[in-house]
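Source file: work-v1.cif (mmCIF, C-alpha atoms and all ligand atoms)
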data_work
loop_
_atom_site.group_PDB
_atom_site.id
_atom_site.type_symbol
_atom_site.label_atom_id
_atom_site.label_comp_id
_atom_site.auth_asym_id
_atom_site.auth_seq_id
_atom_site.Cartn_x
_atom_site.Cartn_y
_atom_site.Cartn_z
ATOM 1 C CA MET I 1 -23.204 -178.476 1.890
ATOM 2 C CA SER I 2 -25.089 -179.317 5.028
ATOM 3 C CA VAL I 3 -28.015 -176.922 5.099
ATOM 4 C CA THR I 4 -30.873 -178.192 7.207
ATOM 5 C CA GLY I 5 -34.041 -176.618 8.596
ATOM 6 C CA LYS I 6 -37.400 -175.737 7.107
ATOM 7 C CA ASN I 7 -38.122 -172.961 4.646
ATOM 8 C CA PRO I 8 -38.572 -169.646 6.423
ATOM 9 C CA ALA I 9 -42.196 -168.693 6.900
ATOM 10 C CA LEU I 10 -41.619 -165.044 6.050
ATOM 11 C CA THR I 11 -40.621 -164.128 2.485
ATOM 12 C CA PRO I 12 -39.016 -160.980 1.018
ATOM 13 C CA PRO I 13 -42.293 -159.977 -0.740
ATOM 14 C CA GLN I 14 -44.142 -160.291 2.580
ATOM 15 C CA VAL I 15 -41.557 -158.072 4.239
ATOM 16 C CA ALA I 16 -41.892 -155.568 1.380
ATOM 17 C CA LYS I 17 -45.689 -155.494 1.832
ATOM 18 C CA SER I 18 -45.426 -154.910 5.569
ATOM 19 C CA LYS I 19 -44.498 -151.249 5.053
ATOM 20 C CA GLY I 20 -46.340 -148.947 7.418
ATOM 21 C CA GLY I 21 -47.722 -151.810 9.528
ATOM 22 C CA THR I 22 -46.498 -153.226 12.817
ATOM 23 C CA PRO I 23 -42.781 -152.429 12.997
ATOM 24 C CA LEU I 24 -40.519 -155.187 11.663
ATOM 25 C CA VAL I 25 -38.417 -156.791 14.390
ATOM 26 C CA CYS I 26 -34.929 -157.651 13.178
ATOM 27 C CA LEU I 27 -31.740 -158.845 14.889
ATOM 28 C CA THR I 28 -28.446 -160.310 13.806
ATOM 29 C CA ALA I 29 -27.384 -163.887 14.588
ATOM 30 C CA TYR I 30 -24.188 -165.755 13.755
ATOM 31 C CA THR I 31 -24.628 -169.149 15.429
ATOM 32 C CA THR I 32 -27.276 -171.881 15.664
ATOM 33 C CA PRO I 33 -28.121 -171.401 19.378
ATOM 34 C CA MET I 34 -28.581 -167.637 18.942
ATOM 35 C CA ALA I 35 -30.602 -168.180 15.739
ATOM 36 C CA LYS I 36 -33.016 -170.399 17.693
ATOM 37 C CA LEU I 37 -33.444 -167.705 20.355
ATOM 38 C CA VAL I 38 -34.072 -164.841 17.946
ATOM 39 C CA ASP I 39 -36.248 -166.898 15.566
ATOM 40 C CA ALA I 40 -38.933 -167.098 18.244
ATOM 41 C CA HIS I 41 -39.379 -163.302 18.240
ATOM 42 C CA CYS I 42 -38.007 -161.795 15.024
ATOM 43 C CA ASP I 43 -39.343 -161.236 11.530
ATOM 44 C CA VAL I 44 -35.903 -160.936 9.948
ATOM 45 C CA VAL I 45 -32.608 -162.475 11.069
ATOM 46 C CA LEU I 46 -29.515 -160.955 9.507
ATOM 47 C CA VAL I 47 -26.234 -162.811 9.362
ATOM 48 C CA GLY I 48 -24.391 -159.503 9.424
ATOM 49 C CA ASP I 49 -20.781 -158.960 8.496
ATOM 50 C CA SER I 50 -20.590 -157.426 11.975
ATOM 51 C CA VAL I 51 -19.705 -161.052 12.810
ATOM 52 C CA GLY I 52 -16.115 -160.115 11.998
ATOM 53 C CA MET I 53 -15.920 -157.572 14.819
ATOM 54 C CA VAL I 54 -18.280 -159.272 17.256
ATOM 55 C CA LEU I 55 -17.106 -162.897 17.074
ATOM 56 C CA HIS I 56 -13.727 -162.785 15.330
ATOM 57 C CA GLY I 57 -12.190 -159.726 16.990
ATOM 58 C CA LEU I 58 -11.501 -157.925 13.702
ATOM 59 C CA PRO I 59 -11.002 -154.135 13.892
ATOM 60 C CA SER I 60 -13.651 -153.501 11.179
ATOM 61 C CA THR I 61 -15.879 -155.489 8.822
ATOM 62 C CA LEU I 62 -13.377 -155.169 5.964
ATOM 63 C CA GLY I 63 -11.588 -158.440 6.714
ATOM 64 C CA VAL I 64 -14.752 -160.550 6.550
ATOM 65 C CA THR I 65 -14.718 -163.097 3.715
ATOM 66 C CA LEU I 66 -17.414 -164.855 1.710
ATOM 67 C CA ASP I 67 -16.346 -168.165 3.287
ATOM 68 C CA MET I 68 -16.912 -166.721 6.774
ATOM 69 C CA MET I 69 -20.383 -165.535 5.775
ATOM 70 C CA ILE I 70 -21.193 -168.954 4.324
ATOM 71 C CA MET I 71 -20.034 -170.778 7.451
ATOM 72 C CA HIS I 72 -22.041 -168.527 9.789
ATOM 73 C CA GLY I 73 -24.990 -168.520 7.372
ATOM 74 C CA GLN I 74 -25.151 -172.321 7.448
ATOM 75 C CA ALA I 75 -25.037 -172.298 11.247
ATOM 76 C CA VAL I 76 -27.855 -169.736 11.467
ATOM 77 C CA ARG I 77 -29.984 -171.557 8.907
ATOM 78 C CA ARG I 78 -29.993 -174.641 11.127
ATOM 79 C CA GLY I 79 -31.573 -172.596 13.920
ATOM 80 C CA LEU I 80 -34.366 -170.863 11.966
ATOM 81 C CA GLU I 81 -37.907 -172.007 11.297
ATOM 82 C CA ARG I 82 -39.996 -168.882 10.690
ATOM 83 C CA ALA I 83 -37.914 -165.726 10.314
ATOM 84 C CA LEU I 84 -36.630 -164.453 6.984
ATOM 85 C CA MET I 85 -32.889 -165.073 6.783
ATOM 86 C CA VAL I 86 -30.728 -162.427 5.108
ATOM 87 C CA VAL I 87 -26.950 -162.798 4.690
ATOM 88 C CA ASP I 88 -24.587 -159.842 4.265
ATOM 89 C CA MET I 89 -22.381 -159.689 1.188
ATOM 90 C CA PRO I 90 -18.900 -158.903 2.557
ATOM 91 C CA PHE I 91 -16.625 -156.119 1.332
ATOM 92 C CA GLY I 92 -15.079 -156.967 -2.032
ATOM 93 C CA SER I 93 -17.641 -159.623 -2.967
ATOM 94 C CA TYR I 94 -20.025 -157.435 -5.026
ATOM 95 C CA GLU I 95 -18.572 -154.011 -5.922
ATOM 96 C CA GLU I 96 -16.441 -155.025 -8.912
ATOM 97 C CA SER I 97 -19.240 -155.882 -11.342
ATOM 98 C CA ARG I 98 -22.862 -157.000 -11.486
ATOM 99 C CA GLU I 99 -21.681 -160.433 -12.587
ATOM 100 C CA GLN I 100 -19.370 -160.747 -9.582
ATOM 101 C CA ALA I 101 -22.238 -159.700 -7.316
ATOM 102 C CA PHE I 102 -24.581 -162.273 -8.851
ATOM 103 C CA ARG I 103 -22.023 -165.085 -8.668
ATOM 104 C CA ASN I 104 -21.342 -164.463 -4.975
ATOM 105 C CA ALA I 105 -24.983 -163.826 -4.046
ATOM 106 C CA ALA I 106 -25.895 -167.120 -5.746
ATOM 107 C CA ARG I 107 -23.216 -168.895 -3.695
ATOM 108 C CA LEU I 108 -24.574 -167.395 -0.483
ATOM 109 C CA MET I 109 -28.117 -168.493 -1.356
ATOM 110 C CA ALA I 110 -27.175 -171.976 -2.570
ATOM 111 C CA GLU I 111 -24.745 -172.792 0.224
ATOM 112 C CA THR I 112 -26.548 -171.242 3.214
ATOM 113 C CA GLY I 113 -30.212 -171.529 2.222
ATOM 114 C CA CYS I 114 -30.788 -167.800 2.852
ATOM 115 C CA ALA I 115 -33.699 -166.190 1.014
ATOM 116 C CA ALA I 116 -32.035 -162.803 0.492
ATOM 117 C CA VAL I 117 -28.744 -160.935 0.659
ATOM 118 C CA LYS I 118 -27.877 -157.468 1.934
ATOM 119 C CA LEU I 119 -25.341 -155.162 0.359
ATOM 120 C CA GLU I 120 -24.161 -151.684 1.271
ATOM 121 C CA GLY I 121 -24.290 -148.580 -0.904
ATOM 122 C CA GLY I 122 -26.704 -146.127 -2.504
ATOM 123 C CA GLU I 123 -26.874 -144.691 -6.027
ATOM 124 C CA PRO I 124 -23.620 -146.340 -7.211
ATOM 125 C CA MET I 125 -24.979 -149.793 -6.296
ATOM 126 C CA ALA I 126 -28.477 -149.328 -7.773
ATOM 127 C CA GLY I 127 -27.555 -151.014 -11.075
ATOM 128 C CA THR I 128 -26.179 -154.029 -9.230
ATOM 129 C CA ILE I 129 -29.290 -154.295 -7.055
ATOM 130 C CA ARG I 130 -31.516 -154.197 -10.149
ATOM 131 C CA PHE I 131 -29.371 -156.864 -11.825
ATOM 132 C CA LEU I 132 -29.699 -159.180 -8.816
ATOM 133 C CA ALA I 133 -33.357 -158.453 -8.083
ATOM 134 C CA THR I 134 -34.390 -159.233 -11.661
ATOM 135 C CA ARG I 135 -32.483 -162.540 -11.549
ATOM 136 C CA GLY I 136 -34.070 -164.114 -8.497
ATOM 137 C CA VAL I 137 -31.902 -162.595 -5.768
ATOM 138 C CA PRO I 138 -33.934 -160.530 -3.273
ATOM 139 C CA VAL I 139 -31.758 -157.681 -2.006
ATOM 140 C CA MET I 140 -31.938 -155.696 1.215
ATOM 141 C CA GLY I 141 -30.279 -152.297 0.717
ATOM 142 C CA HIS I 142 -28.181 -150.458 3.315
ATOM 143 C CA VAL I 143 -27.597 -146.681 3.169
ATOM 144 C CA GLY I 144 -26.563 -143.880 5.513
ATOM 145 C CA LEU I 145 -23.564 -145.080 7.493
ATOM 146 C CA THR I 146 -22.235 -148.066 5.552
ATOM 147 C CA PRO I 147 -19.488 -149.556 7.750
ATOM 148 C CA GLN I 148 -17.634 -151.158 4.819
ATOM 149 C CA ALA I 149 -16.915 -147.593 3.657
ATOM 150 C CA VAL I 150 -15.334 -146.615 7.001
ATOM 151 C CA ASN I 151 -12.095 -145.530 5.313
ATOM 152 C CA ALA I 152 -13.890 -143.439 2.702
ATOM 153 C CA PHE I 153 -16.031 -141.775 5.404
ATOM 154 C CA GLY I 154 -13.042 -141.374 7.727
ATOM 155 C CA GLY I 155 -14.932 -142.992 10.629
ATOM 156 C CA TYR I 156 -18.375 -144.040 11.791
ATOM 157 C CA ALA I 157 -20.061 -140.621 12.020
ATOM 158 C CA VAL I 158 -23.773 -139.904 11.588
ATOM 159 C CA GLN I 159 -24.592 -139.484 7.894
ATOM 160 C CA GLY I 160 -27.001 -137.063 6.238
ATOM 161 C CA ARG I 161 -26.723 -134.022 8.473
ATOM 162 C CA GLY I 162 -27.605 -130.661 6.904
ATOM 163 C CA GLU I 163 -27.068 -130.455 3.156
ATOM 164 C CA ASP I 164 -25.750 -134.026 3.091
ATOM 165 C CA SER I 165 -29.323 -135.186 3.725
ATOM 166 C CA GLU I 166 -30.039 -134.916 -0.028
ATOM 167 C CA ARG I 167 -27.291 -137.450 -0.835
ATOM 168 C CA VAL I 168 -28.637 -139.996 1.648
ATOM 169 C CA ALA I 169 -32.233 -139.435 0.487
ATOM 170 C CA ARG I 170 -31.117 -139.975 -3.129
ATOM 171 C CA ASP I 171 -29.272 -143.133 -2.118
ATOM 172 C CA ALA I 172 -32.334 -144.592 -0.397
ATOM 173 C CA ALA I 173 -34.602 -143.702 -3.333
ATOM 174 C CA ALA I 174 -32.200 -145.216 -5.880
ATOM 175 C CA VAL I 175 -31.849 -148.465 -3.951
ATOM 176 C CA ALA I 176 -35.631 -148.789 -3.469
ATOM 177 C CA GLU I 177 -36.369 -147.983 -7.118
ATOM 178 C CA ALA I 178 -33.821 -150.589 -8.164
ATOM 179 C CA GLY I 179 -35.913 -153.236 -6.433
ATOM 180 C CA ALA I 180 -34.579 -153.611 -2.883
ATOM 181 C CA PHE I 181 -37.355 -155.248 -0.837
ATOM 182 C CA ALA I 182 -36.257 -153.349 2.307
ATOM 183 C CA VAL I 183 -33.627 -150.724 3.101
ATOM 184 C CA VAL I 184 -31.497 -150.467 6.236
ATOM 185 C CA LEU I 185 -30.951 -146.845 7.324
ATOM 186 C CA GLU I 186 -27.945 -146.641 9.607
ATOM 187 C CA LYS I 187 -27.074 -143.643 11.790
ATOM 188 C CA VAL I 188 -29.135 -140.938 10.100
ATOM 189 C CA PRO I 189 -30.935 -138.079 11.903
ATOM 190 C CA GLU I 190 -34.605 -138.550 12.768
ATOM 191 C CA PRO I 191 -36.056 -135.968 10.325
ATOM 192 C CA LEU I 192 -34.193 -137.586 7.438
ATOM 193 C CA ALA I 193 -35.252 -141.114 8.455
ATOM 194 C CA ARG I 194 -38.858 -139.867 8.633
ATOM 195 C CA ARG I 195 -38.592 -138.219 5.222
ATOM 196 C CA ILE I 196 -37.037 -141.286 3.543
ATOM 197 C CA THR I 197 -39.566 -143.638 5.156
ATOM 198 C CA GLY I 198 -42.352 -141.445 3.764
ATOM 199 C CA GLU I 199 -40.782 -141.208 0.319
ATOM 200 C CA ILE I 200 -39.717 -144.742 -0.593
ATOM 201 C CA ALA I 201 -41.954 -147.736 -1.286
ATOM 202 C CA ALA I 202 -39.730 -150.265 0.511
ATOM 203 C CA PRO I 203 -39.860 -150.601 4.294
ATOM 204 C CA THR I 204 -37.007 -148.861 6.093
ATOM 205 C CA ILE I 205 -35.219 -150.745 8.853
ATOM 206 C CA GLY I 206 -33.487 -148.401 11.238
ATOM 207 C CA ILE I 207 -30.325 -148.786 13.271
ATOM 208 C CA GLY I 208 -29.669 -145.464 14.935
ATOM 209 C CA ALA I 209 -32.350 -143.969 12.707
ATOM 210 C CA SER I 210 -35.254 -143.391 15.132
ATOM 211 C CA GLN I 211 -38.785 -144.722 15.501
ATOM 212 C CA ALA I 212 -39.758 -143.170 12.183
ATOM 213 C CA CYS I 213 -38.572 -146.326 10.379
ATOM 214 C CA ASP I 214 -40.786 -149.264 9.401
ATOM 215 C CA GLY I 215 -38.676 -151.629 11.510
ATOM 216 C CA GLN I 216 -35.638 -151.823 13.760
ATOM 217 C CA ILE I 217 -32.462 -153.869 13.745
ATOM 218 C CA LEU I 218 -29.667 -154.232 16.295
ATOM 219 C CA VAL I 219 -26.583 -156.399 16.580
ATOM 220 C CA VAL I 220 -27.777 -159.063 19.007
ATOM 221 C CA ASP I 221 -24.543 -159.089 21.010
ATOM 222 C CA ASP I 222 -24.879 -155.315 21.505
ATOM 223 C CA MET I 223 -28.412 -155.457 22.905
ATOM 224 C CA LEU I 224 -27.526 -158.429 25.116
ATOM 225 C CA GLY I 225 -24.454 -156.664 26.494
ATOM 226 C CA ALA I 226 -22.303 -159.575 25.293
ATOM 227 C CA PHE I 227 -20.114 -157.368 23.066
ATOM 228 C CA THR I 228 -18.587 -154.723 25.305
ATOM 229 C CA ASP I 229 -15.630 -153.286 23.347
ATOM 230 C CA PHE I 230 -17.732 -150.176 22.645
ATOM 231 C CA ARG I 231 -21.370 -149.153 23.023
ATOM 232 C CA PRO I 232 -23.020 -147.135 20.236
ATOM 233 C CA LYS I 233 -25.481 -144.439 21.411
ATOM 234 C CA PHE I 234 -28.312 -146.134 19.499
ATOM 235 C CA VAL I 235 -28.069 -149.412 21.444
ATOM 236 C CA ARG I 236 -30.378 -150.178 24.354
ATOM 237 C CA ARG I 237 -28.953 -152.994 26.455
ATOM 238 C CA TYR I 238 -31.647 -155.477 27.445
ATOM 239 C CA ALA I 239 -29.184 -157.643 29.391
ATOM 240 C CA GLU I 240 -25.600 -157.543 30.680
ATOM 241 C CA LEU I 241 -24.443 -160.964 29.511
ATOM 242 C CA GLY I 242 -20.796 -159.888 29.294
ATOM 243 C CA ALA I 243 -20.719 -158.864 32.968
ATOM 244 C CA GLU I 244 -22.669 -162.004 33.984
ATOM 245 C CA ALA I 245 -20.269 -164.221 32.035
ATOM 246 C CA ALA I 246 -17.227 -162.537 33.618
ATOM 247 C CA LYS I 247 -18.718 -163.162 37.099
ATOM 248 C CA ALA I 248 -19.466 -166.802 36.280
ATOM 249 C CA ILE I 249 -15.965 -167.436 34.897
ATOM 250 C CA ALA I 250 -14.374 -165.829 37.967
ATOM 251 C CA ALA I 251 -16.511 -168.048 40.250
ATOM 252 C CA TYR I 252 -15.490 -171.162 38.276
ATOM 253 C CA ALA I 253 -11.799 -170.223 38.470
ATOM 254 C CA ALA I 254 -12.056 -169.663 42.237
ATOM 255 C CA ASP I 255 -13.853 -173.026 42.713
ATOM 256 C CA VAL I 256 -11.238 -174.932 40.688
ATOM 257 C CA ARG I 257 -8.348 -173.344 42.601
ATOM 258 C CA ALA I 258 -10.014 -174.052 45.961
ATOM 259 C CA ARG I 259 -10.910 -177.639 44.860
ATOM 260 C CA ARG I 260 -14.657 -176.888 45.304
ATOM 261 C CA PHE I 261 -15.254 -177.997 41.703
ATOM 262 C CA PRO I 262 -15.854 -180.700 40.604
ATOM 263 C CA ALA I 263 -17.924 -181.796 43.596
ATOM 264 C CA ALA I 264 -19.234 -185.267 44.377
ATOM 265 C CA GLU I 265 -22.288 -184.858 42.100
ATOM 266 C CA HIS I 266 -20.070 -184.174 39.059
ATOM 267 C CA VAL I 267 -17.897 -187.280 39.504
ATOM 268 C CA PHE I 268 -18.279 -190.788 38.084
ATOM 269 C CA GLY I 269 -17.636 -193.556 40.598
ATOM 270 C CA ASP I 270 -17.092 -193.134 44.326
ATOM 271 C CA MET I 271 -14.988 -190.246 45.487
ATOM 272 C CA PRO I 272 -12.804 -190.729 48.577
ATOM 273 C CA LYS I 273 -14.605 -188.992 51.503
ATOM 274 C CA ALA I 274 -11.775 -186.559 52.191
ATOM 275 C CA VAL I 275 -11.765 -185.412 48.538
ATOM 276 C CA ALA I 276 -15.569 -185.074 48.503
ATOM 277 C CA ARG I 277 -15.212 -182.747 51.540
ATOM 278 C CA GLY I 278 -12.653 -180.672 49.694
ATOM 279 C CA GLY I 279 -9.622 -181.966 51.624
ATOM 280 C CA ALA I 280 -6.557 -183.926 50.515
ATOM 281 C CA ALA I 281 -7.026 -187.584 49.522
HETATM 282 O O1 LIG F 301 -23.545 -156.285 9.826
HETATM 283 C C1 LIG F 301 -24.527 -155.929 10.493
HETATM 284 O O2 LIG F 301 -24.758 -156.433 11.590
HETATM 285 C C2 LIG F 301 -25.388 -154.888 9.918
HETATM 286 C C3 LIG F 301 -26.371 -154.116 10.749
HETATM 287 C C4 LIG F 301 -27.433 -153.496 9.923
HETATM 288 C C5 LIG F 301 -26.881 -154.621 11.982
HETATM 289 O O3 LIG F 301 -25.261 -154.620 8.775
#
As structure tokens, please, write out the structure in this file.
Ligand code: KIV
Amino acid sequence: MSVTGKNPALTPPQVAKSKGGTPLVCLTAYTTPMAKLVDAHCDVVLVGDSVGMVLHGLPSTLGVTLDMMIMHGQAVRRGLERALMVVDMPFGSYEESREQAFRNAARLMAETGCAAVKLEGGEPMAGTIRFLATRGVPVMGHVGLTPQAVNAFGGYAVQGRGEDSERVARDAAAVAEAGAFAVVLEKVPEPLARRITGEIAAPTIGIGASQACDGQILVVDDMLGAFTDFRPKFVRRYAELGAEAAKAIAAYAADVRARRFPAAEHVFGDMPKAVARGGAA
């Protein structure tokens, strides 16, 4: 294990107490350089299982393994000094039993240095959340659209419309009552997000769930425009890094083919004059 870095300044109880205050700023990160960038501005950094789609090109989060989460968690930990680090429990690592969930959550905490884990699911997962929370594992809940259940939902549609709002409200209440220190609400309509935020004691962290939530989270590659396979309606792009990178790579390729790169300043030792001018030696 090679976990380095200082203890995060922000703790799960502090996040829990922040309900109703200044909105919590949360982003994902999967690598050390990105962790350093987001740490300067975020309260919570999530090593999300979205890493599978964003960095590994998987078609969904279902193929993400515990080993992948540990590897990315260790990388992120090295870049954090003040934000609370939360690591996602991947599909299949916690649903089977409370004991399985504890064993794998303990591995994530011991091997990455994270202070909390996140797991998806409402009422059916409440017992597991209570089991973990009462054994030293702070849990962030995640209800509404839970991407690991994409096959059960039949897609990534908004959850909790019309009469279905009661199910999502019950899920959020169950997870909060079980001891989750915060609850992600994904892709739920604004009135429902407002209602849940007013009803549960834990702060709600919205992704596609409106300003009514106690905080916001986005996938960092989405808001930077670095992941461009698709663009969810709830994402605001603060940069177009994908387009910038494509331009830069095209310029590099053109320079190499035209022998404009490397130039004299990139070369060790004297370059023959003709080569330095871009001609034949
Ligand atoms: O995996 C993820 O990135 C998430 C979101 C809440 C951002 O779960």
Query raised in the report: Exactly which residues make up the result of the PyMOL selection byres (((chain I and resi 164-177) around 12) and not hetatm) on this file, given as an NGL selection string?
Result: :I and (16 or 118-133 or 138-146 or 158-163 or 178-205)
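Note that the spacing between atom CA of Gly136 of chain I and atom CA of Ala106 of chain I amounts to 9.1 Å.
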Report task. Pick out the residues no farther than 6 Å from ligand LIG 301 (chain F), counting all atoms listed in the file, and list them as a ChimeraX atom specification. Result -> /I:28,48-50,217-219
Neighbour list for segment 230-246 of chain I as a short mmCIF file (atom, residue, chain, number, x, y, z; two decimals) with C-alpha atoms, in the frame of the given file, cut-off 9 Å, only C-alpha atoms, skip fewer than 6 positions in-chain:
data_model
loop_
_atom_site.label_atom_id
_atom_site.label_comp_id
_atom_site.auth_asym_id
_atom_site.auth_seq_id
_atom_site.Cartn_x
_atom_site.Cartn_y
_atom_site.Cartn_z
CA LYS I 187 -27.07 -143.64 11.79
CA ILE I 207 -30.32 -148.79 13.27
CA GLY I 208 -29.67 -145.46 14.94
CA ALA I 209 -32.35 -143.97 12.71
CA SER I 210 -35.25 -143.39 15.13
CA LEU I 218 -29.67 -154.23 16.30
CA VAL I 219 -26.58 -156.40 16.58
CA ASP I 221 -24.54 -159.09 21.01
CA ASP I 222 -24.88 -155.32 21.50
CA MET I 223 -28.41 -155.46 22.90
CA LEU I 224 -27.53 -158.43 25.12
#
Query raised in the report: What is the atom CA of Val87 of chain I to atom CA of Cys42 of chain I distance in Å?
Result: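 Atom-to-atom, atom CA of Val87 of chain I to atom CA of Cys42 of chain I, that is 15.2 Å.
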Requested in this report: Have a look at atom CA of Gly73 of chain I and atom CA of Thr112 of chain I and let me know their distance in Å, one decimal.
Outcome: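 Calculated distance between atom CA of Gly73 of chain I and atom CA of Thr112 of chain I is 5.2 Å.
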Report task. For Gly52 of chain I, work out the shell of residues within 6 Å, counting all atoms listed in the file and skipping chain neighbours fewer than 6 positions away, then give it as a VMD selection string. Result -> chain I and resid 58 61 64
Start from the incomplete input, build N, CA and C atoms for segment 213-234 of chain I, and deliver everything as a compact mmCIF listing (two decimals), in the frame of the given file.
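Result file follows (part03.txt):
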# COMPACT_ATOMS: atom_id res chain seq x y z
N CYS I 213 -38.77 -145.24 11.36
CA CYS I 213 -38.57 -146.33 10.38
C CYS I 213 -39.68 -147.38 10.49
N ASP I 214 -39.77 -148.21 9.43
CA ASP I 214 -40.79 -149.26 9.40
C ASP I 214 -40.38 -150.48 10.23
N GLY I 215 -39.15 -150.52 10.68
CA GLY I 215 -38.68 -151.63 11.51
C GLY I 215 -37.38 -151.23 12.18
N GLN I 216 -36.89 -152.09 13.04
CA GLN I 216 -35.64 -151.82 13.76
C GLN I 216 -34.74 -153.04 13.69
N ILE I 217 -33.43 -152.78 13.65
CA ILE I 217 -32.46 -153.87 13.74
C ILE I 217 -31.36 -153.47 14.71
N LEU I 218 -30.85 -154.43 15.46
CA LEU I 218 -29.67 -154.23 16.30
C LEU I 218 -28.77 -155.46 16.15
N VAL I 219 -27.51 -155.27 16.45
CA VAL I 219 -26.58 -156.40 16.58
C VAL I 219 -26.93 -157.09 17.90
N VAL I 220 -27.24 -158.38 17.83
CA VAL I 220 -27.78 -159.06 19.01
C VAL I 220 -26.80 -159.02 20.18
N ASP I 221 -25.52 -159.11 19.91
CA ASP I 221 -24.54 -159.09 21.01
C ASP I 221 -24.47 -157.71 21.67
N ASP I 222 -24.81 -156.66 20.92
CA ASP I 222 -24.88 -155.32 21.50
C ASP I 222 -26.05 -155.22 22.48
N MET I 223 -27.24 -155.66 22.05
CA MET I 223 -28.41 -155.46 22.90
C MET I 223 -28.43 -156.42 24.09
N LEU I 224 -27.64 -157.50 23.98
CA LEU I 224 -27.53 -158.43 25.12
C LEU I 224 -26.38 -158.06 26.06
N GLY I 225 -25.60 -157.04 25.67
CA GLY I 225 -24.45 -156.66 26.49
C GLY I 225 -23.36 -157.72 26.46
N ALA I 226 -23.34 -158.53 25.41
CA ALA I 226 -22.30 -159.57 25.29
C ALA I 226 -21.06 -159.03 24.60
N PHE I 227 -21.25 -158.04 23.72
CA PHE I 227 -20.11 -157.37 23.07
C PHE I 227 -19.91 -156.05 23.78
N THR I 228 -18.75 -155.88 24.43
CA THR I 228 -18.59 -154.72 25.30
C THR I 228 -17.39 -153.84 24.92
N ASP I 229 -16.80 -154.09 23.75
CA ASP I 229 -15.63 -153.29 23.35
C ASP I 229 -16.01 -151.81 23.22
N PHE I 230 -17.19 -151.53 22.70
CA PHE I 230 -17.73 -150.18 22.64
C PHE I 230 -19.25 -150.27 22.61
N ARG I 231 -19.91 -149.14 22.92
CA ARG I 231 -21.37 -149.15 23.02
C ARG I 231 -21.94 -147.99 22.22
N PRO I 232 -22.45 -148.24 21.02
CA PRO I 232 -23.02 -147.14 20.24
C PRO I 232 -24.21 -146.50 20.96
N LYS I 233 -24.39 -145.19 20.77
CA LYS I 233 -25.48 -144.44 21.41
C LYS I 233 -26.85 -145.05 21.10
N PHE I 234 -26.99 -145.66 19.91
CA PHE I 234 -28.31 -146.13 19.50
C PHE I 234 -28.68 -147.50 20.08
